[in-house]
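Chemist: Got target37.cif for you, mmCIF, C-alpha atoms:
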data_protein
loop_
_atom_site.label_atom_id
_atom_site.label_comp_id
_atom_site.auth_asym_id
_atom_site.auth_seq_id
_atom_site.Cartn_x
_atom_site.Cartn_y
_atom_site.Cartn_z
CA MET A 97 79.93 120.67 146.96
CA ASP A 98 78.75 120.77 143.33
CA ARG A 99 78.51 117.72 141.05
CA ARG A 100 81.82 118.32 139.30
CA SER A 101 83.67 118.70 142.60
CA PHE A 102 81.98 115.61 143.95
CA LEU A 103 82.88 113.58 140.86
CA THR A 104 86.48 114.76 141.02
CA ARG A 105 86.81 113.82 144.68
CA SER A 106 85.01 110.53 144.08
CA ALA A 107 87.21 109.37 141.19
CA ALA A 108 88.89 106.71 143.32
CA LEU A 109 85.57 105.01 143.93
CA GLY A 110 85.49 103.78 140.35
CA CYS A 111 82.60 102.43 138.31
CA SER A 112 80.38 101.23 141.14
CA LEU A 113 79.80 104.63 142.72
CA ALA A 114 79.74 106.55 139.45
CA ALA A 115 76.98 104.27 138.14
CA SER A 116 74.99 104.49 141.36
CA PRO A 117 71.90 106.68 141.79
CA LEU A 118 74.09 109.09 143.76
CA VAL A 119 75.82 110.26 140.62
CA THR A 120 74.14 108.66 137.62
CA PRO A 121 70.37 109.01 137.44
CA VAL A 122 68.62 107.09 134.70
CA SER A 123 66.57 109.44 132.53
CA PHE A 124 63.41 108.53 130.66
CA ALA A 125 60.88 110.08 128.33
CA ALA A 126 57.63 108.65 127.01
CA THR A 127 57.16 109.36 123.30
CA PRO A 128 54.58 108.32 120.70
CA GLY A 129 54.99 105.02 118.88
CA GLU A 130 56.74 101.77 119.66
CA HIS A 131 60.36 102.70 118.85
CA ARG A 132 62.63 102.54 121.88
CA LEU A 133 65.94 104.39 122.08
CA VAL A 134 68.57 103.76 124.75
CA VAL A 135 71.60 106.05 124.88
CA ILE A 136 74.50 104.86 127.04
CA ILE A 137 77.21 107.41 127.73
CA LEU A 138 80.61 105.80 128.27
CA ARG A 139 82.30 108.39 130.46
CA GLY A 140 86.07 108.56 130.41
CA GLY A 141 86.98 107.96 126.77
CA MET A 142 86.72 104.35 125.57
CA ASP A 143 89.72 102.98 123.68
CA GLY A 144 88.18 102.07 120.33
CA LEU A 145 91.37 100.42 119.08
CA ALA A 146 91.11 97.91 121.94
CA ALA A 147 87.33 97.44 121.94
CA VAL A 148 87.23 96.84 118.17
CA SER A 149 90.80 96.23 117.03
CA PRO A 150 91.68 96.92 113.37
CA TYR A 151 94.07 93.98 113.27
CA GLY A 152 93.82 93.88 109.47
CA ASP A 153 95.50 97.26 109.18
CA PRO A 154 99.15 96.60 108.25
CA ASP A 155 100.29 99.32 110.66
CA PHE A 156 98.39 98.05 113.68
CA GLY A 157 101.39 95.97 114.78
CA THR A 158 103.65 99.02 114.85
CA LEU A 159 101.70 100.67 117.68
CA GLY A 160 103.13 98.53 120.46
CA ARG A 161 99.71 97.20 121.33
CA PRO A 162 99.03 93.52 122.01
CA ALA A 163 97.49 91.78 119.03
CA PRO A 164 93.95 90.45 119.53
CA ASP A 165 93.98 86.81 120.59
CA LEU A 166 91.97 85.25 117.80
CA ASP A 167 93.29 81.71 118.26
CA GLY A 168 92.98 81.42 122.03
CA GLY A 169 89.25 82.02 122.15
CA GLY A 170 89.58 85.58 123.46
CA ALA A 171 89.03 88.17 120.76
CA ILE A 172 86.31 87.55 118.17
CA ASP A 173 86.98 88.11 114.48
CA LEU A 174 84.22 90.22 112.98
CA ASP A 175 84.95 90.62 109.29
CA GLY A 176 88.58 89.80 108.61
CA ARG A 177 89.61 93.38 109.35
CA PHE A 178 88.33 94.06 112.85
CA ALA A 179 88.18 91.95 116.00
CA MET A 180 85.95 92.46 119.03
CA HIS A 181 87.60 92.38 122.45
CA GLY A 182 87.07 89.13 124.34
CA ALA A 183 85.31 90.92 127.20
CA LEU A 184 82.53 91.74 124.72
CA SER A 185 82.07 88.05 123.83
CA PRO A 186 78.57 87.95 125.40
CA LEU A 187 77.57 90.20 122.49
CA ALA A 188 78.78 87.72 119.85
CA PRO A 189 75.29 86.17 119.40
CA LEU A 190 73.94 89.64 118.68
CA TRP A 191 76.62 90.17 116.05
CA ARG A 192 75.74 86.88 114.37
CA ALA A 193 72.04 87.79 114.49
CA GLY A 194 72.69 91.17 112.87
CA GLU A 195 71.71 92.99 116.08
CA LEU A 196 75.14 94.48 116.85
CA GLY A 197 77.33 96.85 114.88
CA PHE A 198 80.05 99.44 115.31
CA ALA A 199 80.94 102.80 113.79
CA HIS A 200 84.72 103.30 113.89
CA ALA A 201 86.96 106.38 113.58
CA VAL A 202 84.17 108.67 114.80
CA SER A 203 84.23 111.55 117.25
CA ILE A 204 82.40 114.68 118.25
CA PRO A 205 84.06 117.79 116.71
CA TYR A 206 86.22 118.38 119.77
CA ARG A 207 89.99 118.35 119.46
CA ASP A 208 93.23 118.98 121.27
CA LYS A 209 92.10 120.09 124.75
CA ARG A 210 90.85 116.57 125.54
CA SER A 211 89.05 117.45 128.78
CA HIS A 212 86.58 114.86 130.05
CA PHE A 213 84.19 117.49 131.36
CA ASP A 214 84.28 119.61 128.21
CA GLY A 215 84.02 116.59 125.94
CA GLN A 216 81.09 115.11 127.85
CA ASP A 217 79.31 118.47 127.95
CA LEU A 218 79.67 118.84 124.18
CA LEU A 219 78.61 115.23 123.59
CA GLU A 220 75.44 115.67 125.63
CA ALA A 221 74.69 119.17 124.31
CA GLY A 222 75.09 117.88 120.75
CA VAL A 223 76.96 120.97 119.55
CA ALA A 224 80.26 121.49 117.79
CA ALA A 225 83.21 122.52 119.93
CA SER A 226 83.37 126.26 120.40
CA ASP A 227 84.12 128.91 122.98
CA ALA A 228 80.48 129.99 123.00
CA PRO A 229 78.29 129.11 126.00
CA LEU A 230 76.60 125.74 125.79
CA PRO A 231 72.87 125.69 125.06
CA GLY A 232 70.58 125.19 128.01
CA ASP A 233 69.21 121.93 126.64
CA GLY A 234 70.66 118.61 125.49
CA TRP A 235 70.10 116.98 122.12
CA LEU A 236 67.70 114.34 123.44
CA ASN A 237 65.58 117.04 125.06
CA ARG A 238 65.52 118.96 121.79
CA LEU A 239 64.32 115.76 120.14
CA VAL A 240 61.49 115.40 122.67
CA GLN A 241 60.56 119.07 122.13
CA ARG A 242 59.74 118.20 118.52
CA MET A 243 57.28 115.49 119.62
CA PRO A 244 54.07 117.28 120.60
CA ASP A 245 52.53 114.09 121.98
CA ALA A 246 55.51 113.19 124.17
CA THR A 247 54.86 113.01 127.89
CA ALA A 248 57.11 112.43 130.88
CA GLU A 249 56.56 109.64 133.32
CA THR A 250 56.16 110.40 137.00
CA ALA A 251 59.57 109.74 138.52
CA TYR A 252 61.87 110.43 141.43
CA ALA A 253 65.65 110.35 141.57
CA ILE A 254 68.67 110.98 143.74
CA GLY A 255 71.08 113.30 141.95
CA GLY A 256 72.32 116.85 142.17
CA GLU A 257 71.32 117.70 138.60
CA PRO A 258 69.80 116.02 135.54
CA LEU A 259 71.84 114.55 132.72
CA ARG A 260 72.64 117.40 130.34
CA ILE A 261 71.60 115.29 127.37
CA LEU A 262 67.97 115.32 128.56
CA GLN A 263 68.00 118.73 130.26
CA GLY A 264 65.77 121.41 128.79
CA PRO A 265 62.23 122.75 128.52
CA ALA A 266 60.65 119.47 127.44
CA GLN A 267 59.31 117.65 130.50
CA VAL A 268 61.60 114.68 131.09
CA ASN A 269 61.96 113.14 134.53
CA ARG A 270 64.72 111.12 136.12
CA TRP A 271 64.37 107.68 137.60
CA THR A 272 66.59 105.86 140.03
CA PRO A 273 66.59 102.08 140.54
CA GLU A 274 66.80 102.27 144.34
CA ALA A 275 65.81 98.66 144.80
CA ASP A 276 68.48 97.42 142.42
CA LEU A 277 71.34 99.73 143.44
CA ARG A 278 71.15 99.90 147.24
CA LEU A 279 72.99 102.68 149.00
CA SER A 280 75.22 101.53 151.82
CA PRO A 281 74.99 103.33 155.19
CA GLN A 282 78.19 105.16 154.31
CA ALA A 283 76.73 106.24 150.96
CA VAL A 284 73.55 107.47 152.63
CA LEU A 285 75.53 109.54 155.10
CA LEU A 286 77.76 111.02 152.41
CA THR A 287 74.71 111.76 150.26
CA ARG A 288 73.09 113.64 153.10
CA ARG A 289 76.24 115.63 153.71
CA VAL A 290 76.41 116.59 150.03
CA MET A 291 72.73 117.55 149.93
CA GLN A 292 72.38 119.20 153.33
CA SER A 293 72.53 122.69 151.81
CA ASP A 294 69.73 121.88 149.34
CA PRO A 295 66.42 121.29 151.15
CA ALA A 296 64.69 120.08 147.98
CA MET A 297 67.31 117.43 147.28
CA ALA A 298 67.42 116.42 150.94
CA ALA A 299 63.66 115.92 150.84
CA ALA A 300 63.99 113.90 147.62
CA LEU A 301 66.57 111.67 149.29
CA ASP A 302 64.28 111.04 152.27
CA THR A 303 61.40 110.17 149.91
CA ALA A 304 63.56 107.83 147.84
CA MET A 305 64.90 106.10 150.96
CA ALA A 306 61.37 105.55 152.20
CA LEU A 307 60.27 104.15 148.85
CA ALA A 308 63.30 101.87 148.84
CA GLY A 309 62.30 100.50 152.21
CA GLY A 310 64.84 102.21 154.44
CA ASP A 311 65.45 105.55 156.06
CA GLY A 312 69.17 105.53 156.83
CA ASP A 313 68.50 106.31 160.48
CA GLY A 314 71.05 105.27 163.02
CA VAL A 315 73.94 105.67 160.58
CA GLU A 316 77.08 106.61 162.43
CA PHE A 317 80.50 107.21 160.97
CA THR A 318 83.54 108.75 162.54
CA GLY A 319 86.58 109.78 160.58
CA SER A 320 87.46 111.96 157.63
CA MET A 321 85.67 112.30 154.30
CA GLY A 322 88.44 110.17 152.80
CA ASP A 323 87.78 107.43 155.36
CA MET A 324 84.09 107.50 154.52
CA MET A 325 84.69 107.30 150.79
CA ALA A 326 87.12 104.41 151.28
CA ALA A 327 84.45 102.58 153.26
CA MET A 328 81.94 103.25 150.47
CA ARG A 329 84.37 101.87 147.89
CA ASP A 330 84.89 98.67 149.85
CA ASP A 331 81.17 98.28 150.44
CA MET A 332 80.20 98.89 146.81
CA MET A 333 82.73 96.38 145.54
CA SER A 334 80.77 93.61 147.31
CA GLY A 335 77.37 92.26 146.41
CA LYS A 336 76.04 91.01 143.07
CA ASP A 337 74.33 94.17 141.83
CA ARG A 338 77.09 96.42 143.11
CA GLN A 339 79.60 94.46 141.06
CA ARG A 340 77.35 94.77 138.02
CA PRO A 341 75.90 98.31 137.93
CA GLY A 342 75.63 98.12 134.15
CA ALA A 343 73.28 95.16 134.42
CA ALA A 344 71.29 96.71 137.28
CA LEU A 345 70.80 99.99 135.41
CA ALA A 346 69.81 98.14 132.23
CA ARG A 347 67.35 95.92 134.09
CA PHE A 348 65.62 98.95 135.54
CA ALA A 349 65.64 100.73 132.18
CA GLY A 350 64.24 97.68 130.41
CA GLU A 351 61.38 97.39 132.87
CA GLN A 352 60.34 101.00 132.24
CA LEU A 353 60.73 100.68 128.47
CA ARG A 354 58.35 97.73 128.50
CA GLY A 355 55.80 100.22 129.81
CA ALA A 356 55.18 103.78 128.63
CA ALA A 357 58.79 104.99 128.49
CA ARG A 358 60.36 105.08 125.05
CA ILE A 359 63.67 106.89 125.52
CA ALA A 360 66.22 106.12 128.22
CA CYS A 361 69.70 107.41 128.92
CA TYR A 362 72.27 106.42 131.51
CA SER A 363 76.03 106.39 132.01
CA LEU A 364 78.72 103.81 132.57
CA THR A 365 82.19 104.79 133.73
CA GLY A 366 85.58 103.14 134.03
CA TRP A 367 86.91 104.05 130.57
CA ASP A 368 89.75 106.41 131.57
CA THR A 369 92.52 103.82 131.23
CA HIS A 370 95.75 105.79 131.65
CA ARG A 371 97.42 102.90 133.50
CA ALA A 372 97.29 99.11 133.33
CA GLN A 373 94.66 99.16 130.59
CA ALA A 374 94.85 95.39 130.10
CA HIS A 375 93.57 95.04 133.65
CA HIS A 376 90.98 97.82 133.81
CA LEU A 377 89.46 97.92 130.31
CA PRO A 378 88.04 94.36 130.37
CA ARG A 379 86.03 95.28 133.46
CA ALA A 380 84.47 98.26 131.72
CA LEU A 381 83.77 96.28 128.54
CA THR A 382 82.18 93.52 130.63
CA GLN A 383 79.88 96.14 132.20
CA LEU A 384 78.85 97.31 128.73
CA ALA A 385 78.23 93.78 127.47
CA GLN A 386 76.17 92.93 130.55
CA SER A 387 74.19 96.13 130.15
CA VAL A 388 73.25 95.36 126.54
CA THR A 389 72.42 91.69 127.13
CA THR A 390 70.35 92.60 130.21
CA LEU A 391 68.41 95.14 128.18
CA LYS A 392 67.52 92.47 125.63
CA GLU A 393 66.57 89.94 128.30
CA THR A 394 64.44 92.42 130.24
CA LEU A 395 62.69 93.94 127.24
CA GLY A 396 61.64 90.64 125.72
CA ALA A 397 61.63 89.71 122.06
CA ALA A 398 58.82 91.99 120.88
CA ALA A 399 60.09 95.18 122.50
CA TRP A 400 63.73 94.37 121.68
CA GLY A 401 62.73 94.19 118.02
CA GLN A 402 61.71 97.86 118.27
CA THR A 403 64.80 98.92 120.23
CA THR A 404 67.94 100.81 119.25
CA VAL A 405 70.81 100.99 121.73
CA VAL A 406 73.69 103.36 121.07
CA ALA A 407 76.76 103.68 123.29
CA VAL A 408 78.91 106.78 122.79
CA THR A 409 82.00 108.23 124.43
CA GLU A 410 83.45 111.74 124.54
CA PHE A 411 86.67 110.84 122.67
CA GLY A 412 88.93 107.93 121.85
CA ARG A 413 92.43 107.32 123.13
CA THR A 414 95.98 107.51 121.82
CA ALA A 415 96.99 105.01 119.18
CA ARG A 416 100.07 103.92 121.10
CA TRP A 417 100.28 102.69 124.66
CA ASN A 418 102.07 104.94 127.12
CA GLY A 419 104.87 103.94 129.49
CA THR A 420 102.46 102.66 132.16
CA GLY A 421 100.62 100.19 129.96
CA GLY A 422 97.72 102.55 129.37
CA THR A 423 96.50 105.06 126.82
CA ASP A 424 95.96 108.79 127.04
CA HIS A 425 93.14 111.02 125.86
CA GLY A 426 92.81 110.87 122.09
CA SER A 427 90.42 111.68 119.25
CA GLY A 428 88.79 109.07 116.98
CA GLY A 429 86.92 106.26 118.72
CA VAL A 430 84.08 103.76 118.39
CA MET A 431 80.30 103.98 118.64
CA VAL A 432 78.43 100.80 119.60
CA LEU A 433 75.04 100.02 118.04
CA ALA A 434 72.75 97.24 119.22
CA GLY A 435 69.10 96.23 119.17
CA GLY A 436 66.52 94.44 117.11
CA ALA A 437 65.93 97.59 115.05
CA VAL A 438 69.61 97.91 114.09
CA ARG A 439 71.09 96.78 110.79
CA GLY A 440 74.08 95.16 112.45
CA GLY A 441 76.80 92.70 111.54
CA ARG A 442 78.93 95.57 110.19
CA VAL A 443 81.83 97.78 111.19
CA ILE A 444 80.92 101.05 109.50
CA THR A 445 83.93 103.23 108.82
CA ASP A 446 85.85 105.34 106.38
CA TRP A 447 89.03 103.88 107.84
CA PRO A 448 91.88 106.44 107.89
CA GLY A 449 94.78 104.05 108.44
CA LEU A 450 97.29 103.83 111.28
CA ASP A 451 100.62 104.83 109.77
CA GLU A 452 102.09 107.80 111.58
CA ALA A 453 101.26 110.27 108.83
CA ALA A 454 97.60 109.18 108.89
CA LEU A 455 97.20 109.66 112.64
CA TYR A 456 95.74 112.88 113.97
CA LYS A 457 98.76 114.94 115.09
CA ARG A 458 100.72 111.69 114.78
CA ARG A 459 99.17 110.35 117.99
CA ASP A 460 95.41 109.61 117.63
CA VAL A 461 93.07 107.78 115.31
CA MET A 462 91.96 110.37 112.75
CA PRO A 463 88.18 110.93 113.01
CA THR A 464 86.63 110.56 109.58
CA ARG A 465 83.01 111.15 110.54
CA ASP A 466 81.18 113.28 113.05
CA LEU A 467 79.66 110.96 115.65
CA ARG A 468 76.61 113.24 115.67
CA ALA A 469 75.91 112.34 112.03
CA HIS A 470 75.26 108.73 112.97
CA LEU A 471 73.03 109.87 115.84
CA ALA A 472 71.14 112.16 113.49
CA TRP A 473 70.48 109.39 110.97
CA LEU A 474 69.18 107.22 113.81
CA LEU A 475 66.74 109.95 114.85
CA ARG A 476 65.75 110.47 111.23
CA GLY A 477 64.92 106.79 110.85
CA LEU A 478 63.26 106.29 114.24
CA TYR A 479 61.19 109.46 114.47
CA GLY A 480 61.08 110.95 110.98
CA VAL A 481 62.76 114.20 112.06
CA GLU A 482 63.49 116.45 109.09
CA ARG A 483 67.10 116.67 108.00
CA THR A 484 67.08 120.46 108.27
CA ALA A 485 65.94 120.28 111.89
CA LEU A 486 68.58 117.69 112.69
CA GLU A 487 71.40 119.74 111.19
CA THR A 488 70.36 123.12 112.60
CA THR A 489 68.37 122.54 115.78
CA ILE A 490 69.06 119.16 117.35
CA PHE A 491 72.73 119.05 116.27
CA PRO A 492 73.59 122.64 115.32
CA GLY A 493 76.26 122.99 112.67
CA LEU A 494 76.12 119.34 111.61
CA ASP A 495 76.56 118.01 108.10
CA MET A 496 74.89 114.59 108.19
CA GLY A 497 76.50 113.39 104.99
CA ASP A 498 75.27 110.18 103.36
CA ASP A 499 72.89 107.79 105.09
CA THR A 500 74.76 104.62 106.08
CA GLY A 501 71.57 102.65 106.71
CA LEU A 502 71.94 102.05 110.44
CA LEU A 503 68.36 100.84 110.88
CA LEU A 504 66.34 98.04 109.33
#
Let me see whether you can do it: turn the structure in this file into structure tokens.
Modeler:
Amino acid sequence: MDRRSFLTRSAALGCSLAASPLVTPVSFAATPGEHRLVVIILRGGMDGLAAVSPYGDPDFGTLGRPAPDLDGGGAIDLDGRFAMHGALSPLAPLWRAGELGFAHAVSIPYRDKRSHFDGQDLLEAGVAASDAPLPGDGWLNRLVQRMPDATAETAYAIGGEPLRILQGPAQVNRWTPEADLRLSPQAVLLTRRVMQSDPAMAAALDTAMALAGGDGDGVEFTGSMGDMMAAMRDDMMSGKDRQRPGAALARFAGEQLRGAARIACYSLTGWDTHRAQAHHLPRALTQLAQSVTTLKETLGAAAWGQTTVVAVTEFGRTARWNGTGGTDHGSGGVMVLAGGAVRGGRVITDWPGLDEAALYKRRDVMPTRDLRAHLAWLLRGLYGVERTALETTIFPGLDMGDDTGLLL
């Protein structure tokens, strides 16, 4: 069973499993200097209109969406035009301190097909949408390739394959917070079934289990694969860390970034809100807020002051709700920026408007800037990478446009 098949069959398990070391390794690289970069991939397509609502747009009320609750203490007004979802309220102190910002109406140059797998592959590869084969490396790996003094930390991980964003010739290893995200007996058994045809991965699992203080011996389970996965879902929905994988992943990442590691990347899921979005989206936003606040707490003041956190998603969602109280795959969305190195307190956007004629194909927020341009300016400011290299090598085919001053 390959990773894509496993993810497809595991969709019902939700955020807990998808953020576990089974599926989501945490990747690190050690690079020269004190700048720290954390990239969080929000898999599933975050609804930017809900996360950061443009309530000041006169056409927002025509979309059939609930207005942000600014009076009841839920949503948080940012600048008189945009309001932050109440589930992100733990990030409000960062906004007031200038350590949180957003880039709105952004997207990778991928349109119309709206496939999660294709969108995520393009996001991690850092290339424009095309029918050509994807490069063999991700944009973060291409960044590390340009740092001759970069080294990889010794690491071990459970996972069928590395994150594409850090895959490539530059030596970058994967880490897994086994002690923070414990595998249940059912998860261990399923992992072994998935890896039984790969001796190397089976050996890695045995090593990781030993390092985590357990070996999974004596695990017995009778029933179908569906029964096993249901048991895993129930098990992973209990326990403090299993309810908060975003915090557990961030805690582990922060501990490594206090040491030699300087670049980290991990994923959070739960953003594919086709149904009952008012119920499901707050959970995902809470995970993101907990992840960011845990990073700051774990890093400490000095390291946080040198840290840039960027959360990106493969595409936004439709401007209007669908008939099941959810949203479908869209285009323009939101990028989240946080950290002591960020020039925050701003919603950066060339706002396209929300009247029907302004929407992309009369259904989506019109993207007005390539998400990769913001990433490129971050890399330019953090690591001094030449603009030509950013536009041709790290993000091929990119026009960075004007610098919006994302960093202090």
Chemist: Which residues come within 12 Å of Gly234 (chain A), counting all atoms listed in the file, excluding same-chain residues fewer than 5 positions away, as a compact mmCIF listing (two decimals) with C-alpha atoms, in the coordinates of the input?
Modeler:
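Written output follows (around_29.txt):
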# COMPACT_ATOMS: atom_id res chain seq x y z
CA GLN A 216 81.09 115.11 127.85
CA ASP A 217 79.31 118.47 127.95
CA LEU A 218 79.67 118.84 124.18
CA LEU A 219 78.61 115.23 123.59
CA GLU A 220 75.44 115.67 125.63
CA ALA A 221 74.69 119.17 124.31
CA GLY A 222 75.09 117.88 120.75
CA VAL A 223 76.96 120.97 119.55
CA LEU A 239 64.32 115.76 120.14
CA VAL A 240 61.49 115.40 122.67
CA GLN A 241 60.56 119.07 122.13
CA PRO A 258 69.80 116.02 135.54
CA LEU A 259 71.84 114.55 132.72
CA ARG A 260 72.64 117.40 130.34
CA ILE A 261 71.60 115.29 127.37
CA LEU A 262 67.97 115.32 128.56
CA GLN A 263 68.00 118.73 130.26
CA GLY A 264 65.77 121.41 128.79
CA PRO A 265 62.23 122.75 128.52
CA ALA A 266 60.65 119.47 127.44
CA VAL A 268 61.60 114.68 131.09
CA CYS A 361 69.70 107.41 128.92
CA THR A 489 68.37 122.54 115.78
CA ILE A 490 69.06 119.16 117.35
CA PHE A 491 72.73 119.05 116.27
CA PRO A 492 73.59 122.64 115.32
Chemist: Which one of A:Pro244, A:Val405, A:Leu450, A:Thr423 sits closest to Thr158 (chain A) if you count only C-alpha atoms?
Modeler: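 Of A:Pro244, A:Val405, A:Leu450, A:Thr423, the one nearest Thr158 (chain A), counting only C-alpha atoms, is A:Leu450.
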Chemist: I need the residue set behind the PyMOL selection byres ((chain A and resi 184-192) around 9) for this file; please write it as number ranges by chain.
Modeler: A: 147, 170-172, 174, 180-183, 193-197, 378, 381-382, 384-386, 388-389, 434-436, 440-442
Chemist: Report, in Å to a single decimal, how far apart CA of Leu345 (chain A) and CA of Tyr362 (chain A) are.
Modeler: 7.7 Å
Chemist: When you draw a straight line from CA of Thr409 (chain A) to CA of Gly168 (chain A), how long is it in Å?
Modeler: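 Separation between CA of Thr409 (chain A) and CA of Gly168 (chain A): 29.1 Å.
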Chemist: Figure out the distance between CA of Gly429 (chain A) and CA of His131 (chain A), please, to one decimal in Å.
Modeler: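 If I compute the distance from CA of His131 (chain A) to CA of Gly429 (chain A), I get 26.8 Å.
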